[in-house]
$ cat entry25.cif   # mmCIF, N, CA and C atoms
data_protein
#
loop_
_atom_site.label_atom_id
_atom_site.label_comp_id
_atom_site.auth_asym_id
_atom_site.auth_seq_id
_atom_site.Cartn_x
_atom_site.Cartn_y
_atom_site.Cartn_z
N MET A 16 50.18 10.44 -41.89
CA MET A 16 51.04 10.71 -43.01
C MET A 16 50.37 10.19 -44.29
N LEU A 17 50.50 10.95 -45.35
CA LEU A 17 49.90 10.59 -46.62
C LEU A 17 50.86 9.73 -47.44
N ILE A 18 50.29 8.86 -48.27
CA ILE A 18 51.14 8.08 -49.15
C ILE A 18 51.66 8.99 -50.26
N LYS A 19 52.79 8.61 -50.85
CA LYS A 19 53.50 9.48 -51.78
C LYS A 19 52.65 9.91 -52.98
N PRO A 20 51.90 9.02 -53.66
CA PRO A 20 51.12 9.49 -54.81
C PRO A 20 50.07 10.54 -54.45
N VAL A 21 49.44 10.39 -53.31
CA VAL A 21 48.44 11.37 -52.87
C VAL A 21 49.12 12.68 -52.51
N TYR A 22 50.26 12.59 -51.82
CA TYR A 22 51.00 13.78 -51.41
C TYR A 22 51.48 14.58 -52.61
N GLU A 23 51.95 13.91 -53.64
CA GLU A 23 52.45 14.59 -54.83
C GLU A 23 51.33 15.24 -55.64
N LEU A 24 50.12 14.73 -55.56
CA LEU A 24 49.00 15.27 -56.33
C LEU A 24 48.25 16.40 -55.62
N LEU A 25 48.56 16.67 -54.38
CA LEU A 25 47.82 17.69 -53.63
C LEU A 25 47.84 19.08 -54.28
N PRO A 26 48.98 19.63 -54.68
CA PRO A 26 48.93 20.98 -55.28
C PRO A 26 48.11 21.02 -56.56
N TYR A 27 48.22 19.96 -57.37
CA TYR A 27 47.45 19.92 -58.61
C TYR A 27 45.96 19.81 -58.31
N SER A 28 45.61 19.03 -57.28
CA SER A 28 44.19 18.92 -56.94
C SER A 28 43.64 20.23 -56.41
N TYR A 29 44.44 20.98 -55.65
CA TYR A 29 44.00 22.30 -55.19
C TYR A 29 43.72 23.22 -56.38
N MET A 30 44.62 23.20 -57.35
CA MET A 30 44.43 24.07 -58.51
C MET A 30 43.24 23.64 -59.35
N ILE A 31 43.01 22.35 -59.47
CA ILE A 31 41.85 21.85 -60.23
C ILE A 31 40.56 22.22 -59.52
N VAL A 32 40.52 22.05 -58.21
CA VAL A 32 39.32 22.42 -57.44
C VAL A 32 39.05 23.92 -57.57
N GLY A 33 40.09 24.74 -57.50
CA GLY A 33 39.92 26.18 -57.66
C GLY A 33 39.40 26.54 -59.05
N THR A 34 39.92 25.87 -60.07
CA THR A 34 39.49 26.15 -61.44
C THR A 34 38.06 25.72 -61.67
N VAL A 35 37.71 24.52 -61.23
CA VAL A 35 36.35 24.01 -61.43
C VAL A 35 35.34 24.86 -60.66
N SER A 36 35.69 25.26 -59.44
CA SER A 36 34.76 26.08 -58.67
C SER A 36 34.62 27.48 -59.28
N LEU A 37 35.64 27.96 -59.96
CA LEU A 37 35.52 29.24 -60.65
C LEU A 37 34.45 29.17 -61.73
N PHE A 38 34.39 28.06 -62.44
CA PHE A 38 33.42 27.92 -63.52
C PHE A 38 32.03 27.52 -63.03
N LEU A 39 31.92 26.82 -61.92
CA LEU A 39 30.63 26.30 -61.50
C LEU A 39 29.88 27.17 -60.48
N LEU A 40 30.59 27.92 -59.67
CA LEU A 40 29.95 28.66 -58.60
C LEU A 40 29.67 30.10 -59.00
N GLU A 41 28.59 30.65 -58.49
CA GLU A 41 28.17 32.00 -58.84
C GLU A 41 28.41 33.06 -57.77
N PRO A 42 28.21 32.77 -56.48
CA PRO A 42 28.36 33.84 -55.48
C PRO A 42 29.78 34.39 -55.44
N SER A 43 29.87 35.66 -55.11
CA SER A 43 31.18 36.32 -55.13
C SER A 43 32.12 35.75 -54.07
N TYR A 44 31.60 35.37 -52.91
CA TYR A 44 32.47 34.78 -51.88
C TYR A 44 33.01 33.43 -52.33
N ALA A 45 32.25 32.70 -53.12
CA ALA A 45 32.73 31.42 -53.64
C ALA A 45 33.82 31.63 -54.69
N LEU A 46 33.69 32.70 -55.47
CA LEU A 46 34.72 33.01 -56.46
C LEU A 46 36.02 33.43 -55.78
N VAL A 47 35.91 34.18 -54.71
CA VAL A 47 37.10 34.57 -53.95
C VAL A 47 37.75 33.33 -53.34
N ALA A 48 36.94 32.42 -52.81
CA ALA A 48 37.47 31.18 -52.24
C ALA A 48 38.15 30.34 -53.31
N SER A 49 37.60 30.31 -54.52
CA SER A 49 38.23 29.53 -55.58
C SER A 49 39.58 30.13 -55.98
N ILE A 50 39.68 31.45 -55.97
CA ILE A 50 40.97 32.10 -56.27
C ILE A 50 41.99 31.75 -55.18
N VAL A 51 41.56 31.79 -53.93
CA VAL A 51 42.45 31.48 -52.82
C VAL A 51 42.93 30.03 -52.90
N VAL A 52 42.02 29.09 -53.19
CA VAL A 52 42.40 27.68 -53.28
C VAL A 52 43.37 27.46 -54.43
N TYR A 53 43.12 28.08 -55.57
CA TYR A 53 44.01 27.94 -56.72
C TYR A 53 45.40 28.49 -56.40
N LEU A 54 45.47 29.68 -55.83
CA LEU A 54 46.76 30.28 -55.50
C LEU A 54 47.48 29.52 -54.39
N TYR A 55 46.73 28.91 -53.49
CA TYR A 55 47.35 28.09 -52.46
C TYR A 55 48.00 26.86 -53.08
N GLY A 56 47.33 26.23 -54.03
CA GLY A 56 47.91 25.09 -54.74
C GLY A 56 49.17 25.48 -55.48
N ALA A 57 49.15 26.64 -56.13
CA ALA A 57 50.34 27.13 -56.84
C ALA A 57 51.47 27.43 -55.85
N HIS A 58 51.12 27.97 -54.71
CA HIS A 58 52.13 28.27 -53.68
C HIS A 58 52.77 26.99 -53.15
N VAL A 59 51.97 25.98 -52.88
CA VAL A 59 52.50 24.70 -52.40
C VAL A 59 53.41 24.08 -53.46
N TYR A 60 53.00 24.15 -54.72
CA TYR A 60 53.83 23.63 -55.81
C TYR A 60 55.18 24.36 -55.85
N ASN A 61 55.16 25.68 -55.71
CA ASN A 61 56.40 26.46 -55.73
C ASN A 61 57.29 26.14 -54.53
N LEU A 62 56.70 25.96 -53.37
CA LEU A 62 57.50 25.61 -52.19
C LEU A 62 58.20 24.27 -52.39
N ARG A 63 57.49 23.30 -52.91
CA ARG A 63 58.10 22.00 -53.16
C ARG A 63 59.18 22.10 -54.22
N SER A 64 58.91 22.82 -55.28
CA SER A 64 59.88 22.96 -56.35
C SER A 64 61.14 23.65 -55.86
N LYS A 65 60.97 24.69 -55.06
CA LYS A 65 62.12 25.42 -54.54
C LYS A 65 62.94 24.54 -53.59
N ASN A 66 62.27 23.71 -52.82
CA ASN A 66 62.95 22.84 -51.88
C ASN A 66 63.72 21.72 -52.58
N ARG A 67 63.28 21.32 -53.76
CA ARG A 67 63.89 20.20 -54.47
C ARG A 67 64.89 20.62 -55.53
N ARG A 68 65.19 21.88 -55.61
CA ARG A 68 66.15 22.34 -56.62
C ARG A 68 67.53 21.77 -56.33
N THR A 69 68.24 21.43 -57.40
CA THR A 69 69.56 20.86 -57.25
C THR A 69 70.66 21.77 -57.78
N ASP A 70 70.32 22.84 -58.48
CA ASP A 70 71.36 23.72 -59.01
C ASP A 70 71.96 24.56 -57.88
N PRO A 71 73.24 24.88 -57.98
CA PRO A 71 73.89 25.66 -56.91
C PRO A 71 73.32 27.08 -56.83
N LYS A 72 73.22 27.58 -55.62
CA LYS A 72 72.66 28.92 -55.41
C LYS A 72 73.51 30.01 -56.04
N ARG A 73 74.80 29.80 -56.16
CA ARG A 73 75.67 30.82 -56.73
C ARG A 73 75.45 31.02 -58.21
N LYS A 74 74.84 30.04 -58.89
CA LYS A 74 74.58 30.16 -60.33
C LYS A 74 73.22 30.78 -60.63
N ARG A 75 72.40 30.99 -59.61
CA ARG A 75 71.08 31.58 -59.82
C ARG A 75 71.20 33.08 -60.00
N LYS A 76 70.47 33.59 -60.98
CA LYS A 76 70.54 35.02 -61.27
C LYS A 76 69.43 35.76 -60.51
N PRO A 77 69.77 36.82 -59.82
CA PRO A 77 68.72 37.60 -59.16
C PRO A 77 67.95 38.43 -60.20
N GLY A 78 66.68 38.56 -60.00
CA GLY A 78 65.86 39.32 -60.94
C GLY A 78 65.25 40.54 -60.28
N ALA A 79 64.57 41.32 -61.08
CA ALA A 79 63.92 42.53 -60.58
C ALA A 79 62.58 42.20 -59.91
N VAL A 80 61.98 41.08 -60.28
CA VAL A 80 60.69 40.67 -59.73
C VAL A 80 60.94 39.88 -58.44
N PRO A 81 60.15 40.10 -57.39
CA PRO A 81 60.32 39.31 -56.17
C PRO A 81 60.15 37.81 -56.45
N GLU A 82 60.87 37.01 -55.69
CA GLU A 82 60.90 35.57 -55.96
C GLU A 82 59.53 34.91 -55.86
N THR A 83 58.71 35.33 -54.91
CA THR A 83 57.37 34.76 -54.77
C THR A 83 56.52 35.04 -55.99
N LEU A 84 56.55 36.28 -56.45
CA LEU A 84 55.77 36.65 -57.64
C LEU A 84 56.32 35.95 -58.88
N TYR A 85 57.63 35.83 -58.96
CA TYR A 85 58.25 35.14 -60.09
C TYR A 85 57.82 33.68 -60.13
N GLY A 86 57.75 33.03 -58.98
CA GLY A 86 57.33 31.64 -58.93
C GLY A 86 55.87 31.44 -59.30
N LEU A 87 55.04 32.42 -58.95
CA LEU A 87 53.61 32.31 -59.24
C LEU A 87 53.23 32.78 -60.64
N MET A 88 54.16 33.35 -61.39
CA MET A 88 53.85 33.95 -62.69
C MET A 88 53.16 32.99 -63.68
N PRO A 89 53.63 31.76 -63.90
CA PRO A 89 52.92 30.91 -64.84
C PRO A 89 51.49 30.58 -64.39
N PHE A 90 51.32 30.41 -63.09
CA PHE A 90 50.00 30.10 -62.56
C PHE A 90 49.07 31.31 -62.66
N ILE A 91 49.62 32.49 -62.51
CA ILE A 91 48.83 33.70 -62.67
C ILE A 91 48.39 33.86 -64.12
N TYR A 92 49.28 33.54 -65.07
CA TYR A 92 48.90 33.60 -66.48
C TYR A 92 47.74 32.64 -66.78
N VAL A 93 47.85 31.43 -66.30
CA VAL A 93 46.80 30.43 -66.56
C VAL A 93 45.50 30.85 -65.90
N PHE A 94 45.57 31.31 -64.65
CA PHE A 94 44.34 31.68 -63.95
C PHE A 94 43.71 32.93 -64.55
N SER A 95 44.52 33.87 -64.99
CA SER A 95 43.93 35.06 -65.62
C SER A 95 43.28 34.69 -66.95
N ALA A 96 43.84 33.73 -67.66
CA ALA A 96 43.21 33.27 -68.90
C ALA A 96 41.88 32.59 -68.61
N LEU A 97 41.84 31.76 -67.57
CA LEU A 97 40.59 31.11 -67.21
C LEU A 97 39.55 32.12 -66.74
N SER A 98 39.99 33.11 -66.00
CA SER A 98 39.06 34.16 -65.54
C SER A 98 38.55 34.98 -66.72
N LEU A 99 39.41 35.29 -67.65
CA LEU A 99 39.01 36.03 -68.83
C LEU A 99 37.98 35.24 -69.64
N TYR A 100 38.22 33.96 -69.79
CA TYR A 100 37.28 33.11 -70.51
C TYR A 100 35.96 32.98 -69.78
N ARG A 101 36.01 32.96 -68.44
CA ARG A 101 34.79 32.80 -67.65
C ARG A 101 33.95 34.07 -67.61
N PHE A 102 34.58 35.23 -67.43
CA PHE A 102 33.83 36.45 -67.20
C PHE A 102 33.62 37.31 -68.44
N TYR A 103 34.36 37.04 -69.49
CA TYR A 103 34.23 37.85 -70.71
C TYR A 103 34.30 36.93 -71.94
N PRO A 104 33.29 36.09 -72.13
CA PRO A 104 33.35 35.07 -73.19
C PRO A 104 33.03 35.64 -74.58
N ARG A 105 33.96 36.30 -75.18
CA ARG A 105 33.84 36.81 -76.54
C ARG A 105 34.86 36.09 -77.41
N ASP A 106 34.75 36.27 -78.72
CA ASP A 106 35.67 35.59 -79.63
C ASP A 106 37.10 36.04 -79.43
N SER A 107 37.32 37.34 -79.34
CA SER A 107 38.68 37.85 -79.18
C SER A 107 39.27 37.50 -77.82
N SER A 108 38.45 37.50 -76.79
CA SER A 108 38.95 37.16 -75.46
C SER A 108 39.29 35.67 -75.37
N THR A 109 38.58 34.84 -76.11
CA THR A 109 38.90 33.42 -76.14
C THR A 109 40.27 33.19 -76.75
N LEU A 110 40.57 33.90 -77.81
CA LEU A 110 41.89 33.79 -78.43
C LEU A 110 42.98 34.31 -77.50
N PHE A 111 42.73 35.42 -76.85
CA PHE A 111 43.70 35.97 -75.91
C PHE A 111 43.89 35.03 -74.72
N ALA A 112 42.81 34.42 -74.24
CA ALA A 112 42.91 33.46 -73.14
C ALA A 112 43.72 32.24 -73.56
N LEU A 113 43.54 31.79 -74.78
CA LEU A 113 44.31 30.66 -75.29
C LEU A 113 45.80 31.00 -75.35
N CYS A 114 46.11 32.21 -75.75
CA CYS A 114 47.52 32.65 -75.78
C CYS A 114 48.10 32.71 -74.37
N LEU A 115 47.34 33.21 -73.41
CA LEU A 115 47.82 33.27 -72.03
C LEU A 115 48.04 31.88 -71.45
N VAL A 116 47.12 30.96 -71.70
CA VAL A 116 47.27 29.60 -71.21
C VAL A 116 48.50 28.95 -71.83
N THR A 117 48.68 29.14 -73.13
CA THR A 117 49.83 28.55 -73.80
C THR A 117 51.14 29.08 -73.23
N TYR A 118 51.22 30.38 -73.00
CA TYR A 118 52.44 30.95 -72.44
C TYR A 118 52.67 30.49 -71.00
N GLY A 119 51.61 30.41 -70.22
CA GLY A 119 51.75 29.92 -68.84
C GLY A 119 52.22 28.49 -68.78
N VAL A 120 51.67 27.63 -69.63
CA VAL A 120 52.10 26.23 -69.69
C VAL A 120 53.53 26.13 -70.19
N TYR A 121 53.89 26.98 -71.15
CA TYR A 121 55.27 27.02 -71.64
C TYR A 121 56.24 27.36 -70.51
N LEU A 122 55.89 28.36 -69.71
CA LEU A 122 56.76 28.72 -68.58
C LEU A 122 56.88 27.58 -67.57
N MET A 123 55.77 26.91 -67.29
CA MET A 123 55.82 25.78 -66.35
C MET A 123 56.70 24.66 -66.88
N MET A 124 56.56 24.34 -68.17
CA MET A 124 57.38 23.27 -68.75
C MET A 124 58.85 23.67 -68.78
N ARG A 125 59.12 24.90 -69.10
CA ARG A 125 60.50 25.37 -69.15
C ARG A 125 61.15 25.32 -67.77
N ARG A 126 60.42 25.74 -66.76
CA ARG A 126 60.97 25.68 -65.41
C ARG A 126 61.14 24.25 -64.93
N SER A 127 60.21 23.38 -65.27
CA SER A 127 60.35 21.99 -64.82
C SER A 127 61.52 21.31 -65.52
N SER A 128 61.84 21.72 -66.74
CA SER A 128 62.99 21.12 -67.41
C SER A 128 64.31 21.63 -66.84
N TYR A 129 64.32 22.81 -66.27
CA TYR A 129 65.53 23.36 -65.67
C TYR A 129 65.70 22.95 -64.21
N ARG A 130 64.65 22.45 -63.61
CA ARG A 130 64.71 22.05 -62.21
C ARG A 130 64.53 20.54 -62.13
N HIS A 131 65.60 19.87 -61.88
CA HIS A 131 65.55 18.42 -61.74
C HIS A 131 65.32 18.12 -60.26
N HIS A 132 64.13 17.66 -59.96
CA HIS A 132 63.77 17.42 -58.57
C HIS A 132 64.55 16.23 -58.02
N LYS A 133 64.94 16.38 -56.78
CA LYS A 133 65.68 15.33 -56.10
C LYS A 133 65.02 15.11 -54.76
N TYR A 134 64.68 13.89 -54.48
CA TYR A 134 64.05 13.55 -53.22
C TYR A 134 65.13 13.26 -52.17
N PRO A 135 64.82 13.51 -50.90
CA PRO A 135 65.76 13.12 -49.86
C PRO A 135 65.96 11.61 -49.86
N LYS A 136 67.06 11.15 -49.29
CA LYS A 136 67.40 9.73 -49.31
C LYS A 136 66.34 8.88 -48.61
N SER A 137 65.69 9.43 -47.62
CA SER A 137 64.68 8.65 -46.87
C SER A 137 63.41 8.43 -47.69
N ILE A 138 63.15 9.25 -48.70
CA ILE A 138 61.92 9.14 -49.49
C ILE A 138 62.14 8.34 -50.77
N ARG A 139 63.35 8.28 -51.28
CA ARG A 139 63.62 7.57 -52.54
C ARG A 139 63.17 6.14 -52.49
N GLN A 140 62.76 5.65 -53.65
CA GLN A 140 62.33 4.25 -53.72
C GLN A 140 63.09 3.53 -54.79
#
$ encode --input "entry25.cif" --output "structure tokens"
Amino acid sequence: MLIKPVYELLPYSYMIVGTVSLFLLEPSYALVASIVVYLYGAHVYNLRSKNRRTDPKRKRKPGAVPETLYGLMPFIYVFSALSLYRFYPRDSSTLFALCLVTYGVYLMMRRSSYRHHKYPKSIRQ
């Protein structure tokens, strides 16, 4: 069993490893692996966030986008901005990548403010 600080940092470390490997590695199979690692970290983060939600299910609004895709949307924005910056480094693409990163971070912050995580009684300290 992992200690709590290490366990809580795992999804972020997966996303950081995926991002760094996107910028440092050249072979196409390594780029595909970096995308998979990044999306896996985002998926783990979404699973934890969904499990810790405290708002009642009856107040949640159904959307047109599938729930999995909706949960991954901010991470997709950030990763597409990083990919754009990595593979098409022009002045206009840098500005567009900055806008995508800003919007993705905004969505993450907005969702984290609406989701107050609650730990089970056995984990609380």
$ resolve_selection --input "entry25.cif" --expression "the PyMOL selection byres ((chain A and resi 43-55) around 8)" --output "number ranges by chain"
A: 25-26, 28-38, 40-42, 56-61, 90-91
$ resolve_selection --input "entry25.cif" --expression "the PyMOL selection byres ((chain A and resi 94-96) around 6.5)" --output "ChimeraX atom specification"
/A:89-93,97-101,111-113,115-116
$ atom_distance --input "entry25.cif" --atom1 "atom CA of A:Leu62" --atom2 "atom CA of A:Glu82"
11.2 Å
$ closest_residue --input "entry25.cif" --among "A:Leu17, A:Lys72, A:Tyr27, A:Met88" --to "A:Met123" --atoms "all atoms listed in the file"
A:Met88
$ select_by_dssp --input "entry25.cif" --residues "stretch 32-93 of chain A" --states "alpha helix (DSSP H)" --output "number ranges by chain"
A: 32-39, 43-66, 82-93
$ atom_distance --input "entry25.cif" --atom1 "atom CA of A:Leu24" --atom2 "atom N of A:Asn66"
16.1 Å
$ atom_distance --input "entry25.cif" --atom1 "atom CA of A:Met124" --atom2 "atom CA of A:Glu23"
17.1 Å
$ residues_around --input "entry25.cif" --residues "A:Ser128" --least-positions-apart "5" --cutoff "12 Å" --atoms "only C-alpha atoms" --output "list in words"
Ser64, Arg68, Tyr121, Leu122 and Met123 of chain A
$ write_last_selection --input "entry25.cif" --atoms "N, CA and C atoms" --output "mmCIF file, keeping the file's coordinate frame"
data_model
loop_
_atom_site.group_PDB
_atom_site.id
_atom_site.type_symbol
_atom_site.label_atom_id
_atom_site.label_comp_id
_atom_site.auth_asym_id
_atom_site.auth_seq_id
_atom_site.Cartn_x
_atom_site.Cartn_y
_atom_site.Cartn_z
ATOM 1 N N SER A 64 58.910 22.820 -55.280
ATOM 2 C CA SER A 64 59.880 22.960 -56.350
ATOM 3 C C SER A 64 61.140 23.650 -55.860
ATOM 4 N N ARG A 68 65.190 21.880 -55.610
ATOM 5 C CA ARG A 68 66.150 22.340 -56.620
ATOM 6 C C ARG A 68 67.530 21.770 -56.330
ATOM 7 N N TYR A 121 53.890 26.980 -71.150
ATOM 8 C CA TYR A 121 55.270 27.020 -71.640
ATOM 9 C C TYR A 121 56.240 27.360 -70.510
ATOM 10 N N LEU A 122 55.890 28.360 -69.710
ATOM 11 C CA LEU A 122 56.760 28.720 -68.580
ATOM 12 C C LEU A 122 56.880 27.580 -67.570
ATOM 13 N N MET A 123 55.770 26.910 -67.290
ATOM 14 C CA MET A 123 55.820 25.780 -66.350
ATOM 15 C C MET A 123 56.700 24.660 -66.880
#
$ axis_aligned_box --input "entry25.cif" --around "stretch 51-54 of chain A" --padding-each-side "4 Å" --output "JSON"
{"center_x": 44.5, "center_y": 29.6, "center_z": -54.8, "size_x": 13.9, "size_y": 12.3, "size_z": 11.9}
$ closest_residue --input "entry25.cif" --among "A:Leu39, A:Arg125, A:Lys65, A:Lys74" --to "A:Gly86" --atoms "only C-alpha atoms"
A:Lys65
